[in-house]
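What follows is one structure encoded as structure tokens, with my remarks underneath.
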Amino acid sequence: MARQPEPRITAPSRPGASPVVGARPSRNEQIETRAQQREQRMQQREQRIQERRQAVQERQRDMLSRQSTERQGRIDRLQQRVQQLQSQKPEGRRAQREQQRLLQNQNRLLQREQRIQERDQARLQRLGPQPSAERSASAAALQAAARGRFSAHFRSNDALQARAALTARENRWAPRHAWRRGHRAAFVAWLGPVFWPYAYSDIFSYTFWPHAYDPGYWAYAYDDFVDTVFWGTDSPYSAYARYPEPGAAITDLQSRKRASVSRQTLRQLCGEPDEGITAWPIASIARAVQPTPEQRALLDELKAAAAKAADAFKESCADYYGMTPPGRLRAMTNRVKATLDAVRIVRPALEQFYNSLDDEQKARFNALGPNVGERSQQPPQQEANTQTERCGEPKPSLTQLPIERIEAVIRPAGKQKDALDLLSKATNDAVQELQAACPDDVPLTPLGRLEAMEKRLEAMLQAAALVQPALDEFYATLSNEQKARFNTMPQVASQ
């Protein structure tokens, strides 16, 4: 009988023993391995998509940059041609008509190129900044830029007040629109191509009821006047560029687009500033003071002066936003000059009317104004004293920062560097002019406030007169490529 093989005895497995060589992974391990492989493939696929997207954006940026450079050359040549035609004085009616026809044609071509240039720059803005090692340096620059400007301390004075001012400013609300929503009026720098769109309303309404305005109104006006020259609208470095919470760090490098504006709004702002949302509060004054017949005649003279002052604004509105720093400064200067002319027109009439009032009427006049939520928790005098303490401090983000960015993105050399040094000195001198016009206090009477505004406007014009020649000289030394980079410095500076 055949012998049966003895059964093999398998030793029981011990904890920690090595697995048998060649053993198949468990089902759970197989599932986990496949999940990890799928995740790796998805990550690789997402990375390839991101790389392709960045490559496409890079090509688009390069193409738009080249087009912008070429178009800027055409714009420069057209501007020179327009200036030449304007300087000519042809004799004879036929020659004058021919000159006018050529001038109109050149202006149409110039406006077309400027519109296209503006559209291309908006596309560049939407593409966002290029990845760069300089982003960390830009973030540090933003932190420094939150300080060293006229409006610096208004960022964190009052959280609710600051957010309300930001809302009014971002929506480009006229004062009365802001008041209806319970917000104090903020300084609105640009509405479409128009600098200081509500100047007519702001200047004179501030004269009558300063408590209805953001306490940092004039500080932002000074900052915006300097910022716009170098950065365009809504500087990526201003305290209003990013405002998540008062006192928080600014982290967003992107500047906002200019607000779109309808032709109807522009017609009202430029053609009829004394009507609609920018009207003077003559009726409110009459209801408050209950003028006598003699006083009523003086109030009518004040109304007539206000209408005449409105005419000063009609020629100061631009049809197209200035695409170059020198062009923007000229547009702002024209607007500020028109505002100063309006103040000087209306001031004698307001002085005669106010001086005709008795003490009771003056008190009611001084108490005029919308009840914007709760009126300021601190009186205007205290707000002004707080601002005065900051006026004399250095303003590096207004003076040093733009010059540093110009050097970084344009890389001037030789005569360009000398011209930039002159521009830097002129900018410092201009800011000192503005510092000298900082208010020592907020006058308690409308006449005193109007006089203070006249001094502030004069300081802004003096600042512009200091910067304009140096800016023109520096800009003239640049190549077309450098001009294009200077013109789009908000995008370039955020790289």
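Quick note on naming: the chains in the structure tokens go A, B, ... in the order shown, residues restart at 1 in each chain, and ligands are numbered from 1 in order of appearance.
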
Which residues, written as a count of residues only, have at least one atom at most 10 Å from Ala436 in chain A, with only C-alpha atoms counted and residues fewer than 2 positions away on the same chain left out? 13

Using only C-alpha atoms, determine which residues lie at most 9 Å from range 111-115 of chain A, disregarding the query and same-chain residues fewer than 2 positions distant; provide the list as a CSV table (one decimal) with C-alpha atoms, in the first residue's frame.
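Once written, result.csv looks like this:
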```csv
chain,number,residue,atom,x,y,z
A,71,ARG,CA,0.0,102.9,-31.0
A,72,GLN,CA,1.7,105.3,-28.5
A,74,ARG,CA,1.1,107.1,-33.6
A,75,ILE,CA,-0.6,109.0,-30.7
A,106,GLN,CA,-6.4,114.9,-37.0
A,107,ASN,CA,-8.4,115.2,-33.8
A,108,ARG,CA,-10.8,112.4,-35.0
A,109,LEU,CA,-7.8,110.1,-35.7
A,117,GLN,CA,-5.2,102.4,-26.6
A,118,GLU,CA,-7.5,102.7,-23.6
A,119,ARG,CA,-9.3,99.4,-24.6
A,120,ASP,CA,-6.0,97.6,-24.9
A,320,TYR,CA,-11.5,111.6,-23.3
A,321,TYR,CA,-9.4,110.4,-20.3
A,322,GLY,CA,-5.8,111.5,-20.5
A,323,MET,CA,-3.7,108.5,-21.5
```

In terms of the shortest atom-to-atom distance over only C-alpha atoms, which of A:Ala452, A:Ile403, A:Ala408, A:Ala342 is closest to Ala312 in chain A? A:Ala342

If we count only C-alpha atoms and set the cut-off at 9 Å, which residues sit around range 185-202 of chain A, ignoring sequence neighbours fewer than 6 positions away in its own chain? Please answer as a VMD selection string. chain A and resid 164 to 170 172 to 179 212 to 218 220 to 221 224 to 225 228 233 to 234 258 to 262 266 269 to 270 273 to 274 277 to 280 309 to 310 313 316 to 322 328 331 to 332 335 to 336 339 342

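Using only C-alpha atoms, the residues found no farther than 10 Å from Gly448 in chain A, other than those of its own chain fewer than 6 positions away, are Thr207, Glu351, Val442 and Glu454 of chain A.
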